[in-house]
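Written out below as structure tokens is the structure these notes cover.
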Amino acid sequence: MAKVNIALDAELVVEVMVLAGVGSPQDAVEAVVRDYIARGHRTEAIVADRTDPQGRHDVLPPEPPQG
């Protein structure tokens with residue numbers, strides 16, 4: 001898997017580490033990104049359910065949170 005290096009405000013990362021209960025900045029950022037993606041999948045599933053009352057849609061269920 002490709003890696004990306006970015007600079008973030010240390011206070012933001014520390015706050016995420018505390019809220020997510022993780023011990024490293026890497027884990028904190030990964031937790032935020034995974035949560036964002038999971039929310040997107042849940043939103044897609046809700047929209048699909050509303051637009052297709054028969055329940056036929058091609059949206060995969062979200063992955064459980066990790067971390």
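Just remember, in the structure tokens the first chain shown is A, the second B, etc., residues are 1-based per chain, and ligands are 1-based in the order shown.
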Which residues are close to A:Ser24, i.e. within 12 Å by only C-alpha atoms, leaving aside same-chain residues fewer than 3 positions away? Reply as a compact mmCIF listing (two decimals) with C-alpha atoms, in the first residue's frame.
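Written output follows (around10.txt):
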```txt
# COMPACT_ATOMS: atom_id res chain seq x y z
CA ALA A 10 0.04 18.60 16.79
CA VAL A 13 -3.62 15.00 16.49
CA VAL A 14 -3.26 14.80 20.27
CA GLU A 15 -6.97 15.56 20.70
CA VAL A 16 -7.88 12.79 18.26
CA MET A 17 -5.53 10.41 20.06
CA VAL A 18 -7.31 11.13 23.36
CA ALA A 20 -10.06 7.70 19.96
CA GLY A 21 -8.07 6.15 22.78
CA ASP A 27 -3.32 5.33 14.54
CA ALA A 28 -5.21 8.54 15.31
CA VAL A 29 -5.21 9.75 11.71
CA GLU A 30 -6.12 6.28 10.41
CA ALA A 31 -9.04 6.13 12.87
CA GLY A 67 -8.89 0.73 16.79
```
Suppose you want the space between atom CA of A:His41 and atom CA of A:Ile6; what is it in Å?
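Pair atom CA of A:His41 / atom CA of A:Ile6 returns 25.0 Å.
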Interatomic distance between atom CA of A:Val4 and atom CA of A:Gly23?
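We find that atom CA of A:Val4 and atom CA of A:Gly23 lie 19.7 Å from each other.
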Any idea what's packed within 12 Å of A:Pro64, counting only C-alpha atoms, ignoring anything in its chain fewer than 5 positions away? Could you give it as a PDB file with all heavy atoms, in the first residue's frame?
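What follows is the written file around_18.pdb:
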```pdb
ATOM      1  N   ALA A  31      -7.708   6.269  12.269  1.00  0.00           N
ATOM      2  CA  ALA A  31      -9.038   6.130  12.869  1.00  0.00           C
ATOM      3  C   ALA A  31      -9.999   7.175  12.316  1.00  0.00           C
ATOM      4  O   ALA A  31     -11.158   6.869  12.011  1.00  0.00           O
ATOM      5  CB  ALA A  31      -8.943   6.257  14.397  1.00  0.00           C
ATOM      6  N   ARG A  34     -10.811   6.248   8.617  1.00  0.00           N
ATOM      7  CA  ARG A  34     -11.709   5.078   8.564  1.00  0.00           C
ATOM      8  C   ARG A  34     -13.126   5.458   8.994  1.00  0.00           C
ATOM      9  O   ARG A  34     -14.106   5.010   8.400  1.00  0.00           O
ATOM     10  CB  ARG A  34     -11.182   3.956   9.446  1.00  0.00           C
ATOM     11  CG  ARG A  34      -9.952   3.286   8.897  1.00  0.00           C
ATOM     12  CD  ARG A  34      -9.490   2.143   9.801  1.00  0.00           C
ATOM     13  NE  ARG A  34      -8.186   1.672   9.438  1.00  0.00           N
ATOM     14  CZ  ARG A  34      -7.923   0.853   8.424  1.00  0.00           C
ATOM     15  NH1 ARG A  34      -8.910   0.431   7.670  1.00  0.00           N
ATOM     16  NH2 ARG A  34      -6.697   0.470   8.162  1.00  0.00           N
ATOM     17  N   ASP A  35     -13.246   6.290  10.019  1.00  0.00           N
ATOM     18  CA  ASP A  35     -14.570   6.728  10.464  1.00  0.00           C
ATOM     19  C   ASP A  35     -15.259   7.547   9.380  1.00  0.00           C
ATOM     20  O   ASP A  35     -16.453   7.376   9.128  1.00  0.00           O
ATOM     21  CB  ASP A  35     -14.454   7.544  11.755  1.00  0.00           C
ATOM     22  CG  ASP A  35     -15.808   7.989  12.266  1.00  0.00           C
ATOM     23  OD1 ASP A  35     -16.634   7.115  12.602  1.00  0.00           O
ATOM     24  OD2 ASP A  35     -16.053   9.215  12.302  1.00  0.00           O
ATOM     25  N   ILE A  37     -14.809   7.377   6.141  1.00  0.00           N
ATOM     26  CA  ILE A  37     -15.222   6.468   5.079  1.00  0.00           C
ATOM     27  C   ILE A  37     -16.445   5.670   5.493  1.00  0.00           C
ATOM     28  O   ILE A  37     -17.395   5.505   4.721  1.00  0.00           O
ATOM     29  CB  ILE A  37     -14.049   5.544   4.680  1.00  0.00           C
ATOM     30  CG1 ILE A  37     -12.961   6.367   4.000  1.00  0.00           C
ATOM     31  CG2 ILE A  37     -14.530   4.406   3.773  1.00  0.00           C
ATOM     32  CD1 ILE A  37     -11.655   5.616   3.805  1.00  0.00           C
ATOM     33  N   ALA A  38     -16.464   5.164   6.716  1.00  0.00           N
ATOM     34  CA  ALA A  38     -17.605   4.384   7.204  1.00  0.00           C
ATOM     35  C   ALA A  38     -18.874   5.236   7.221  1.00  0.00           C
ATOM     36  O   ALA A  38     -19.957   4.757   6.858  1.00  0.00           O
ATOM     37  CB  ALA A  38     -17.317   3.836   8.601  1.00  0.00           C
ATOM     38  N   ARG A  39     -18.762   6.493   7.623  1.00  0.00           N
ATOM     39  CA  ARG A  39     -19.932   7.385   7.600  1.00  0.00           C
ATOM     40  C   ARG A  39     -20.444   7.558   6.177  1.00  0.00           C
ATOM     41  O   ARG A  39     -21.648   7.588   5.947  1.00  0.00           O
ATOM     42  CB  ARG A  39     -19.578   8.756   8.182  1.00  0.00           C
ATOM     43  CG  ARG A  39     -19.418   8.761   9.667  1.00  0.00           C
ATOM     44  CD  ARG A  39     -18.978  10.136  10.143  1.00  0.00           C
ATOM     45  NE  ARG A  39     -18.636  10.091  11.546  1.00  0.00           N
ATOM     46  CZ  ARG A  39     -19.136  10.938  12.442  1.00  0.00           C
ATOM     47  NH1 ARG A  39     -19.971  11.886  12.077  1.00  0.00           N
ATOM     48  NH2 ARG A  39     -18.780  10.841  13.694  1.00  0.00           N
ATOM     49  N   HIS A  41     -20.212   5.398   3.745  1.00  0.00           N
ATOM     50  CA  HIS A  41     -20.894   4.159   3.357  1.00  0.00           C
ATOM     51  C   HIS A  41     -22.272   4.068   4.004  1.00  0.00           C
ATOM     52  O   HIS A  41     -23.239   3.635   3.355  1.00  0.00           O
ATOM     53  CB  HIS A  41     -20.062   2.940   3.740  1.00  0.00           C
ATOM     54  CG  HIS A  41     -18.847   2.747   2.890  1.00  0.00           C
ATOM     55  ND1 HIS A  41     -18.900   2.511   1.536  1.00  0.00           N
ATOM     56  CD2 HIS A  41     -17.534   2.759   3.217  1.00  0.00           C
ATOM     57  CE1 HIS A  41     -17.678   2.381   1.072  1.00  0.00           C
ATOM     58  NE2 HIS A  41     -16.825   2.542   2.060  1.00  0.00           N
ATOM     59  N   ARG A  42     -22.373   4.478   5.257  1.00  0.00           N
ATOM     60  CA  ARG A  42     -23.684   4.448   5.923  1.00  0.00           C
ATOM     61  C   ARG A  42     -24.648   5.412   5.246  1.00  0.00           C
ATOM     62  O   ARG A  42     -25.823   5.086   5.046  1.00  0.00           O
ATOM     63  CB  ARG A  42     -23.534   4.785   7.408  1.00  0.00           C
ATOM     64  CG  ARG A  42     -22.871   3.693   8.215  1.00  0.00           C
ATOM     65  CD  ARG A  42     -22.983   3.919   9.715  1.00  0.00           C
ATOM     66  NE  ARG A  42     -22.382   5.161  10.167  1.00  0.00           N
ATOM     67  CZ  ARG A  42     -21.148   5.283  10.609  1.00  0.00           C
ATOM     68  NH1 ARG A  42     -20.338   4.240  10.634  1.00  0.00           N
ATOM     69  NH2 ARG A  42     -20.686   6.448  11.020  1.00  0.00           N
TER      70      ARG A  42
END
```
Of the candidates A:Ala2, A:Leu12, A:Pro62, A:Leu19, which one gets nearest to A:Glu44 if we count only C-alpha atoms?
A:Pro62
Considering only C-alpha atoms, state which residue in the set A:Arg50, A:Glu63, A:Ala45, A:Gln26 is at the smallest distance from A:Lys3.
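Among the listed residues, the smallest separation from A:Lys3 belongs to A:Gln26.
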Under the rule that only C-alpha atoms are counted, which of A:Pro65, A:Glu11, A:Asp49, A:Met1 is the nearest residue to A:Pro25?
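Among the listed residues, A:Glu11 lies closest to A:Pro25.
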